[in-house]
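The next block is work_24.csv, given as CSV, C-alpha atoms.
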```
chain,number,residue,atom,x,y,z
A,496,MET,CA,0.0,0.0,0.0
A,497,PHE,CA,2.8,2.4,1.0
A,498,THR,CA,4.7,1.7,-2.3
A,499,ASN,CA,1.5,2.8,-4.2
A,500,MET,CA,1.5,6.1,-2.3
A,501,ILE,CA,5.1,7.1,-3.3
A,502,PRO,CA,4.2,8.1,-6.9
A,503,ASN,CA,1.2,10.1,-5.6
A,504,ILE,CA,3.4,11.8,-3.1
A,505,GLU,CA,6.1,12.6,-5.7
A,506,LYS,CA,3.4,14.0,-8.0
A,507,MET,CA,1.8,16.0,-5.2
A,508,LEU,CA,5.1,17.5,-4.1
A,509,GLY,CA,6.0,18.4,-7.7
A,510,ARG,CA,2.7,20.2,-8.1
A,511,TYR,CA,1.9,21.6,-4.7
A,512,SER,CA,5.2,22.0,-2.8
A,513,GLY,CA,4.7,25.8,-2.8
A,514,LEU,CA,1.4,25.3,-0.9
A,515,PHE,CA,3.1,23.3,1.8
A,516,VAL,CA,5.8,26.0,2.1
A,517,GLU,CA,3.1,28.7,2.3
A,518,GLY,CA,1.2,26.7,4.9
A,519,LEU,CA,4.4,26.3,7.0
A,520,GLY,CA,4.9,30.1,6.8
A,521,TYR,CA,1.4,30.8,8.0
A,522,THR,CA,1.6,28.2,10.7
A,523,LEU,CA,4.9,29.7,12.0
A,524,LEU,CA,3.5,33.3,11.8
A,525,LEU,CA,0.3,32.3,13.7
A,526,SER,CA,2.4,30.6,16.4
A,527,LEU,CA,4.9,33.5,16.7
A,528,LEU,CA,2.2,36.1,17.0
A,529,THR,CA,0.3,34.0,19.4
A,530,VAL,CA,3.3,33.4,21.7
A,531,LEU,CA,4.4,37.1,21.6
A,532,GLY,CA,0.9,38.4,22.3
A,533,GLY,CA,0.2,35.7,24.9
A,534,THR,CA,3.5,36.5,26.7
A,535,VAL,CA,2.6,40.1,27.0
A,536,LEU,CA,-1.0,39.6,28.1
A,537,GLY,CA,-0.1,36.5,30.2
A,538,SER,CA,2.6,38.4,32.1
A,539,LEU,CA,0.1,41.2,32.9
A,540,LEU,CA,-2.4,38.6,34.1
A,541,ALA,CA,0.3,36.9,36.3
A,542,LEU,CA,1.0,40.3,38.0
A,543,MET,CA,-2.7,40.8,38.4
A,544,ARG,CA,-3.1,37.5,40.1
A,545,ARG,CA,-0.4,38.5,42.5
A,546,SER,CA,-2.0,41.9,43.2
A,547,ARG,CA,-3.1,42.8,46.7
A,548,ALA,CA,-6.3,44.2,45.3
A,549,VAL,CA,-9.0,41.5,45.5
A,550,PRO,CA,-11.0,42.7,42.5
A,551,VAL,CA,-7.9,42.6,40.3
A,552,ARG,CA,-7.1,39.1,41.4
A,553,VAL,CA,-10.6,38.0,40.9
A,554,ILE,CA,-10.7,39.3,37.3
A,555,ALA,CA,-7.4,37.6,36.4
A,556,THR,CA,-8.3,34.3,38.1
A,557,THR,CA,-11.7,34.3,36.4
A,558,TYR,CA,-10.1,34.9,33.0
A,559,VAL,CA,-7.6,32.1,33.5
A,560,GLU,CA,-10.2,29.6,34.7
A,561,VAL,CA,-12.7,30.3,32.0
A,562,VAL,CA,-10.1,30.1,29.2
A,563,ARG,CA,-8.6,26.9,30.6
A,564,GLY,CA,-12.0,25.4,31.2
A,565,THR,CA,-13.4,25.8,27.7
A,566,PRO,CA,-12.2,24.2,24.4
A,567,LEU,CA,-9.9,26.2,22.1
A,568,LEU,CA,-12.1,25.5,19.1
A,569,LEU,CA,-15.1,27.0,21.0
A,570,GLN,CA,-13.1,30.2,21.6
A,571,LEU,CA,-12.0,30.3,18.0
A,572,TYR,CA,-15.6,30.2,16.9
A,573,VAL,CA,-16.6,32.9,19.4
A,574,PHE,CA,-13.9,35.3,18.2
A,575,TYR,CA,-14.4,34.4,14.5
A,576,PHE,CA,-18.1,35.4,14.6
A,577,MET,CA,-17.7,38.4,17.0
A,578,LEU,CA,-14.6,40.2,15.8
A,579,PRO,CA,-15.6,40.6,12.1
A,580,GLU,CA,-18.2,43.0,13.4
A,581,LEU,CA,-15.2,45.3,14.3
A,582,ASN,CA,-14.0,45.1,10.6
A,583,LEU,CA,-11.1,42.8,11.5
A,584,SER,CA,-9.9,40.3,9.0
A,585,LYS,CA,-10.4,36.6,9.4
A,586,PHE,CA,-6.7,36.1,10.1
A,587,ALA,CA,-6.6,38.8,12.7
A,588,SER,CA,-9.7,37.4,14.5
A,589,ILE,CA,-8.0,34.0,14.7
A,590,VAL,CA,-4.7,35.4,16.0
A,591,ILE,CA,-6.6,37.3,18.7
A,592,ALA,CA,-8.5,34.2,19.7
A,593,LEU,CA,-5.2,32.2,19.9
A,594,VAL,CA,-3.6,35.0,22.0
A,595,PHE,CA,-6.6,35.1,24.2
A,596,ASN,CA,-6.2,31.3,24.8
A,597,SER,CA,-2.4,31.3,25.1
A,598,ALA,CA,-2.3,34.1,27.6
A,599,ALA,CA,-4.1,32.0,30.3
A,600,TYR,CA,-1.4,29.3,30.1
A,601,VAL,CA,1.4,31.8,29.9
A,602,CYS,CA,0.0,33.5,33.0
A,603,GLU,CA,0.4,30.3,35.0
A,604,ILE,CA,3.9,29.8,33.6
A,605,VAL,CA,5.0,33.3,34.6
A,606,ARG,CA,3.3,33.0,38.0
A,607,ALA,CA,5.0,29.7,38.7
A,608,GLY,CA,8.4,31.1,37.6
A,609,ILE,CA,8.0,34.1,40.0
A,610,ASP,CA,6.9,31.9,42.8
A,611,ALA,CA,9.9,29.7,42.3
A,612,VAL,CA,12.2,32.6,43.3
A,613,ASP,CA,13.3,32.5,46.9
A,614,PRO,CA,11.0,34.9,48.9
A,615,GLY,CA,14.1,36.1,50.7
A,616,GLN,CA,15.0,37.9,47.5
A,617,THR,CA,12.0,40.1,47.9
A,618,GLU,CA,12.8,40.8,51.5
A,619,ALA,CA,16.3,41.7,50.6
A,620,ALA,CA,15.1,44.1,48.0
A,621,ARG,CA,12.8,45.8,50.6
A,622,SER,CA,15.7,46.0,53.0
A,623,LEU,CA,17.6,48.0,50.3
A,624,GLY,CA,14.8,50.5,50.2
A,625,MET,CA,13.2,49.3,46.9
A,626,SER,CA,9.5,49.4,46.4
A,627,GLY,CA,7.6,46.2,45.6
A,628,ALA,CA,7.5,47.1,41.9
A,629,GLN,CA,11.3,47.9,41.8
A,630,GLY,CA,12.1,44.7,43.6
A,631,MET,CA,10.0,42.7,41.1
A,632,ARG,CA,11.6,44.4,38.1
A,633,ARG,CA,15.2,44.5,39.3
A,634,ILE,CA,15.5,41.4,41.5
A,635,VAL,CA,12.7,38.9,41.1
A,636,LEU,CA,11.9,38.9,37.4
A,637,PRO,CA,15.6,38.6,36.2
A,638,GLN,CA,15.9,35.4,38.3
A,639,ALA,CA,12.4,34.2,37.3
A,640,VAL,CA,13.3,34.3,33.6
A,641,ARG,CA,15.5,31.2,34.0
A,642,ASN,CA,12.4,29.3,35.1
A,643,ILE,CA,10.0,31.0,32.6
A,644,LEU,CA,12.0,30.9,29.4
A,645,PRO,CA,12.1,27.1,28.8
A,646,ALA,CA,8.4,26.8,29.6
A,647,LEU,CA,7.6,29.6,27.2
A,648,CYS,CA,9.5,27.8,24.5
A,649,ASN,CA,7.5,24.6,25.2
A,650,GLU,CA,4.4,26.7,24.9
A,651,PHE,CA,5.5,27.8,21.5
A,652,VAL,CA,5.9,24.1,20.4
A,653,ALA,CA,2.4,23.4,21.8
A,654,VAL,CA,0.9,26.4,20.0
A,655,ILE,CA,2.3,25.2,16.7
A,656,LYS,CA,0.2,22.1,17.0
A,657,GLU,CA,-2.8,24.0,18.3
A,658,THR,CA,-2.8,26.3,15.2
A,659,SER,CA,-4.1,23.3,13.2
A,660,LEU,CA,-7.5,24.1,14.6
A,661,ALA,CA,-7.3,27.4,12.7
A,662,SER,CA,-7.7,25.4,9.5
A,663,THR,CA,-11.4,25.2,10.4
A,664,PHE,CA,-11.6,28.8,9.2
A,665,PHE,CA,-9.2,28.5,6.2
A,666,VAL,CA,-6.5,31.0,7.2
A,667,GLY,CA,-3.7,29.5,5.1
A,668,ASP,CA,-2.0,27.2,7.7
A,669,LEU,CA,-0.7,23.7,7.0
A,670,MET,CA,-4.0,22.0,7.6
A,671,THR,CA,-5.7,24.5,5.3
A,672,GLN,CA,-3.3,23.6,2.5
A,673,TYR,CA,-4.0,19.9,3.2
A,674,SER,CA,-7.7,20.5,2.6
A,675,VAL,CA,-6.9,22.4,-0.6
A,676,ILE,CA,-4.6,19.7,-1.9
A,677,ARG,CA,-7.0,16.9,-0.9
A,678,GLY,CA,-9.8,18.6,-2.8
A,679,ASN,CA,-7.7,19.2,-5.9
A,680,MET,CA,-6.1,15.7,-6.1
A,681,PHE,CA,-8.7,13.6,-4.4
A,682,LEU,CA,-6.1,12.2,-2.1
A,683,VAL,CA,-6.5,11.9,1.6
A,684,ILE,CA,-3.6,10.0,3.1
A,685,GLU,CA,-0.7,11.3,1.0
A,686,PRO,CA,-1.1,15.0,1.8
A,687,LEU,CA,-1.9,14.1,5.4
A,688,LEU,CA,1.4,12.2,5.7
A,689,VAL,CA,3.4,15.1,4.3
A,690,VAL,CA,1.8,17.6,6.7
A,691,GLY,CA,2.4,15.2,9.6
A,692,VAL,CA,6.1,14.9,8.7
A,693,ILE,CA,6.4,18.7,8.5
A,694,TYR,CA,4.7,19.1,11.9
A,695,PHE,CA,6.9,16.4,13.4
A,696,MET,CA,10.1,17.9,12.0
A,697,LEU,CA,9.2,21.3,13.2
A,698,THR,CA,8.2,20.4,16.7
A,699,PHE,CA,10.9,17.8,17.2
A,700,THR,CA,13.6,20.3,16.2
A,701,LEU,CA,12.2,23.0,18.5
A,702,SER,CA,11.8,20.5,21.3
A,703,LYS,CA,15.5,19.6,21.0
A,704,ALA,CA,16.4,23.3,21.0
A,705,VAL,CA,14.4,23.9,24.1
A,706,ALA,CA,16.2,20.9,25.8
A,707,MET,CA,19.5,22.4,24.9
A,708,LEU,CA,18.4,25.8,26.3
A,709,GLU,CA,17.3,24.1,29.6
A,710,ARG,CA,20.7,22.4,29.9
A,711,ARG,CA,22.6,25.7,29.3
A,712,LEU,CA,20.5,27.5,31.9
A,713,LYS,CA,21.1,24.8,34.5
A,714,ALA,CA,24.8,24.8,33.7
A,715,GLY,CA,24.8,28.6,34.3
A,716,ASP,CA,23.3,28.2,37.8
```
Represent the supplied structure as structure tokens.
Amino acid sequence: MFTNMIPNIEKMLGRYSGLFVEGLGYTLLLSLLTVLGGTVLGSLLALMRRSRAVPVRVIATTYVEVVRGTPLLLQLYVFYFMLPELNLSKFASIVIALVFNSAAYVCEIVRAGIDAVDPGQTEAARSLGMSGAQGMRRIVLPQAVRNILPALCNEFVAVIKETSLASTFFVGDLMTQYSVIRGNMFLVIEPLLVVGVIYFMLTFTLSKAVAMLERRLKAGD
């Protein structure tokens, strides 16, 4: 059976390799924008969850629990049908939905990274006359980055796979290109295999890079 697929795969790559490259580009762009936006919003949420103001903590906690407690596909549908009312493009709507989702997980990553820093560091900053914000910015966060960075890189790997759900809305990612090629060539397994190999190579390479980063950070301790 597999030997019968090889000619189809060769024919498909000869005709549609450009679509696979385009899909890879859109997938990486979606993932990069999601992680960047999620990191900014998630960091803000993490600080809100550590706030002394109860309403601020409640808002951040509710956000995180709602997002983590509902399926990503549901959130994509909500943003896809709501945001076009604001004259946003389909691609922008999906990016915002992915950022909305990723921020909740990044929030927990940042919060855990901050909590992993010895509380004595905060006390030392106060003894030096620093305010809470100054101590967080100058003492705690630089140390927390060592704990946060590898986890953020793993979030990037996870987001790459999650962007496959965006193909539901045909935004140009790898799975969208799979649907296009499947419809044009009436092939199901062959384009799926190629897309699977691309996803695997991408996530495997990034996972190994994250592992190297973690080893270097541990060696620097």
Which residues of region 623-706 of chain A sit at most 10 Å from region 527-548 of chain A, using only C-alpha atoms? Give each one's shortest atom pair and distance in Å (one decimal place), in chain and ascending residue order, as a Markdown table.
```
| residue | atom | partner | partner_atom | distance |
| --- | --- | --- | --- | --- |
| A:Met631 | CA | A:Leu542 | CA | 9.8 |
| A:Leu647 | CA | A:Val530 | CA | 7.9 |
| A:Cys648 | CA | A:Val530 | CA | 8.8 |
| A:Glu650 | CA | A:Val530 | CA | 7.5 |
| A:Phe651 | CA | A:Val530 | CA | 6.0 |
| A:Val652 | CA | A:Val530 | CA | 9.7 |
| A:Val654 | CA | A:Val530 | CA | 7.6 |
| A:Ile655 | CA | A:Leu527 | CA | 8.7 |
| A:Thr658 | CA | A:Thr529 | CA | 9.3 |
```
Edge lengths and centre, in Å to one decimal, as AutoDock Vina command-line options: that's what I need for the box along x, y and z that holds all listed atoms of region 518-531 of chain A plus 4 Å on each side.
```
--center_x 2.6 --center_y 31.7 --center_z 13.3 --size_x 12.6 --size_y 18.8 --size_z 24.8
```
Write out, as a Markdown table, each residue of region 560-622 of chain A that has an atom at most 12 Å from region 513-521 of chain A, together with the closest pair of atoms and their distance in Å to one decimal, counting only C-alpha atoms, rows going by chain and rising number.
```
| residue | atom | partner | partner_atom | distance |
| --- | --- | --- | --- | --- |
| A:Phe586 | CA | A:Tyr521 | CA | 9.9 |
| A:Ile589 | CA | A:Tyr521 | CA | 12.0 |
| A:Val590 | CA | A:Tyr521 | CA | 11.1 |
```
Point-to-point distance from CA of Ser674 (chain A) to CA of Gly691 (chain A), Å rounded to tenths: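 Calculated distance between CA of Ser674 (chain A) and CA of Gly691 (chain A) is 13.4 Å.
Every protein or nucleic acid residue with an atom no more than 12 Å from Thr663 (chain A), counting all atoms listed in the file and leaving out same-chain residues fewer than 3 positions away, appears here: Leu567, Leu568, Leu569, Leu571, Tyr572, Tyr575, Lys585, Phe586, Ile589, Glu657, Thr658, Ser659, Leu660, Val666, Gly667, Asp668, Leu669, Met670, Thr671, Gln672, Tyr673 and Ser674 of chain A.
A straight line drawn from CA of Leu697 (chain A) to CA of Thr565 (chain A) is 27.2 Å long.
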Take CA of Ile504 (chain A) and CA of Leu523 (chain A) and report the distance between them in Å, one decimal.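 Spanning CA of Ile504 (chain A) to CA of Leu523 (chain A) is a straight-line distance of 23.5 Å.
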Top pick for closest residue to Pro645 (chain A), considering A:Leu581, A:Leu688, A:Ala599, A:Val605 and counting all atoms listed in the file: A:Val605
Test item: residues at most 9 Å from Ile676 (chain A), all atoms listed in the file, excluding those fewer than 5 positions along its chain, as an NGL selection string: :A and (507 or 511 or 514 or 671 or 681-683 or 686)
Rank A:Thr557, A:Val573, A:Cys602, A:Thr522 by their smallest atom-to-atom distance to Phe665 (chain A), using only C-alpha atoms, and report the top residue only. A:Thr522
Closest of A:Leu583, A:Ala714, A:Leu593, A:Ala653 to Arg641 (chain A) - atom-to-atom distances counting all atoms listed in the file: A:Ala714
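Between Leu524 (chain A) and the residues A:Ser622, A:Ala587, A:Ala611, A:Ala704, the shortest atom-to-atom distance, using only C-alpha atoms, involves A:Ala587.
Shell of Ile684 (chain A) at 9 Å, with all atoms listed in the file counted and residues fewer than 5 places along the chain excluded, is Met500, Arg677 and Val689 of chain A.
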Missing atoms in region 509-520 of chain A need filling: write out all heavy atoms for it as an mmCIF file, in the coordinates of the input.
```cif
data_model
loop_
_atom_site.group_PDB
_atom_site.id
_atom_site.type_symbol
_atom_site.label_atom_id
_atom_site.label_comp_id
_atom_site.auth_asym_id
_atom_site.auth_seq_id
_atom_site.Cartn_x
_atom_site.Cartn_y
_atom_site.Cartn_z
ATOM 1 N N GLY A 509 5.635 17.698 -6.456
ATOM 2 C CA GLY A 509 6.000 18.400 -7.700
ATOM 3 C C GLY A 509 5.050 19.505 -8.037
ATOM 4 O O GLY A 509 5.430 20.548 -8.567
ATOM 5 N N ARG A 510 3.774 19.266 -7.732
ATOM 6 C CA ARG A 510 2.700 20.200 -8.100
ATOM 7 C C ARG A 510 2.409 21.221 -7.037
ATOM 8 O O ARG A 510 2.108 22.383 -7.339
ATOM 9 C CB ARG A 510 1.484 19.439 -8.539
ATOM 10 C CG ARG A 510 0.374 20.323 -9.119
ATOM 11 C CD ARG A 510 -0.860 19.498 -9.462
ATOM 12 N NE ARG A 510 -0.573 18.457 -10.448
ATOM 13 C CZ ARG A 510 -1.492 17.586 -10.882
ATOM 14 N NH1 ARG A 510 -2.721 17.632 -10.402
ATOM 15 N NH2 ARG A 510 -1.159 16.680 -11.781
ATOM 16 N N TYR A 511 2.454 20.789 -5.775
ATOM 17 C CA TYR A 511 1.900 21.600 -4.700
ATOM 18 C C TYR A 511 2.947 21.904 -3.573
ATOM 19 O O TYR A 511 2.547 22.289 -2.476
ATOM 20 C CB TYR A 511 0.694 20.986 -4.070
ATOM 21 C CG TYR A 511 -0.478 20.906 -5.016
ATOM 22 C CD1 TYR A 511 -0.907 19.679 -5.520
ATOM 23 C CD2 TYR A 511 -1.161 22.048 -5.406
ATOM 24 C CE1 TYR A 511 -1.991 19.595 -6.383
ATOM 25 C CE2 TYR A 511 -2.241 21.983 -6.266
ATOM 26 C CZ TYR A 511 -2.650 20.756 -6.753
ATOM 27 O OH TYR A 511 -3.719 20.680 -7.623
ATOM 28 N N SER A 512 4.226 21.722 -3.836
ATOM 29 C CA SER A 512 5.200 22.000 -2.800
ATOM 30 C C SER A 512 5.135 23.440 -2.299
ATOM 31 O O SER A 512 5.364 23.732 -1.123
ATOM 32 C CB SER A 512 6.632 21.687 -3.293
ATOM 33 O OG SER A 512 6.928 22.463 -4.459
ATOM 34 N N GLY A 513 4.791 24.342 -3.223
ATOM 35 C CA GLY A 513 4.700 25.800 -2.800
ATOM 36 C C GLY A 513 3.565 25.975 -1.815
ATOM 37 O O GLY A 513 3.694 26.826 -0.917
ATOM 38 N N LEU A 514 2.476 25.198 -1.906
ATOM 39 C CA LEU A 514 1.400 25.300 -0.900
ATOM 40 C C LEU A 514 1.830 24.845 0.450
ATOM 41 O O LEU A 514 1.454 25.434 1.468
ATOM 42 C CB LEU A 514 0.163 24.541 -1.394
ATOM 43 C CG LEU A 514 -0.638 25.134 -2.547
ATOM 44 C CD1 LEU A 514 -1.857 24.272 -2.859
ATOM 45 C CD2 LEU A 514 -1.076 26.561 -2.233
ATOM 46 N N PHE A 515 2.622 23.783 0.479
ATOM 47 C CA PHE A 515 3.100 23.300 1.800
ATOM 48 C C PHE A 515 4.044 24.345 2.406
ATOM 49 O O PHE A 515 3.980 24.586 3.622
ATOM 50 C CB PHE A 515 3.879 21.983 1.590
ATOM 51 C CG PHE A 515 2.997 20.802 1.331
ATOM 52 C CD1 PHE A 515 3.080 20.101 0.139
ATOM 53 C CD2 PHE A 515 2.074 20.380 2.279
ATOM 54 C CE1 PHE A 515 2.272 19.006 -0.110
ATOM 55 C CE2 PHE A 515 1.260 19.285 2.049
ATOM 56 C CZ PHE A 515 1.350 18.594 0.851
ATOM 57 N N VAL A 516 4.887 24.969 1.602
ATOM 58 C CA VAL A 516 5.800 26.000 2.100
ATOM 59 C C VAL A 516 4.962 27.207 2.615
ATOM 60 O O VAL A 516 5.233 27.774 3.687
ATOM 61 C CB VAL A 516 6.779 26.463 1.031
ATOM 62 C CG1 VAL A 516 7.595 27.673 1.511
ATOM 63 C CG2 VAL A 516 7.707 25.311 0.653
ATOM 64 N N GLU A 517 3.951 27.586 1.850
ATOM 65 C CA GLU A 517 3.100 28.700 2.300
ATOM 66 C C GLU A 517 2.364 28.347 3.563
ATOM 67 O O GLU A 517 2.253 29.182 4.464
ATOM 68 C CB GLU A 517 2.061 28.983 1.163
ATOM 69 C CG GLU A 517 1.110 30.125 1.487
ATOM 70 C CD GLU A 517 0.081 30.355 0.385
ATOM 71 O OE1 GLU A 517 0.303 29.867 -0.749
ATOM 72 O OE2 GLU A 517 -0.935 31.012 0.662
ATOM 73 N N GLY A 518 1.874 27.114 3.657
ATOM 74 C CA GLY A 518 1.200 26.700 4.900
ATOM 75 C C GLY A 518 2.119 26.705 6.080
ATOM 76 O O GLY A 518 1.719 27.111 7.179
ATOM 77 N N LEU A 519 3.380 26.279 5.877
ATOM 78 C CA LEU A 519 4.400 26.300 7.000
ATOM 79 C C LEU A 519 4.597 27.753 7.411
ATOM 80 O O LEU A 519 4.686 28.037 8.615
ATOM 81 C CB LEU A 519 5.673 25.687 6.476
ATOM 82 C CG LEU A 519 6.847 25.737 7.450
ATOM 83 C CD1 LEU A 519 6.517 25.012 8.740
ATOM 84 C CD2 LEU A 519 8.097 25.140 6.794
ATOM 85 N N GLY A 520 4.687 28.673 6.453
ATOM 86 C CA GLY A 520 4.900 30.100 6.800
ATOM 87 C C GLY A 520 3.745 30.637 7.619
ATOM 88 O O GLY A 520 3.969 31.323 8.630
#
```
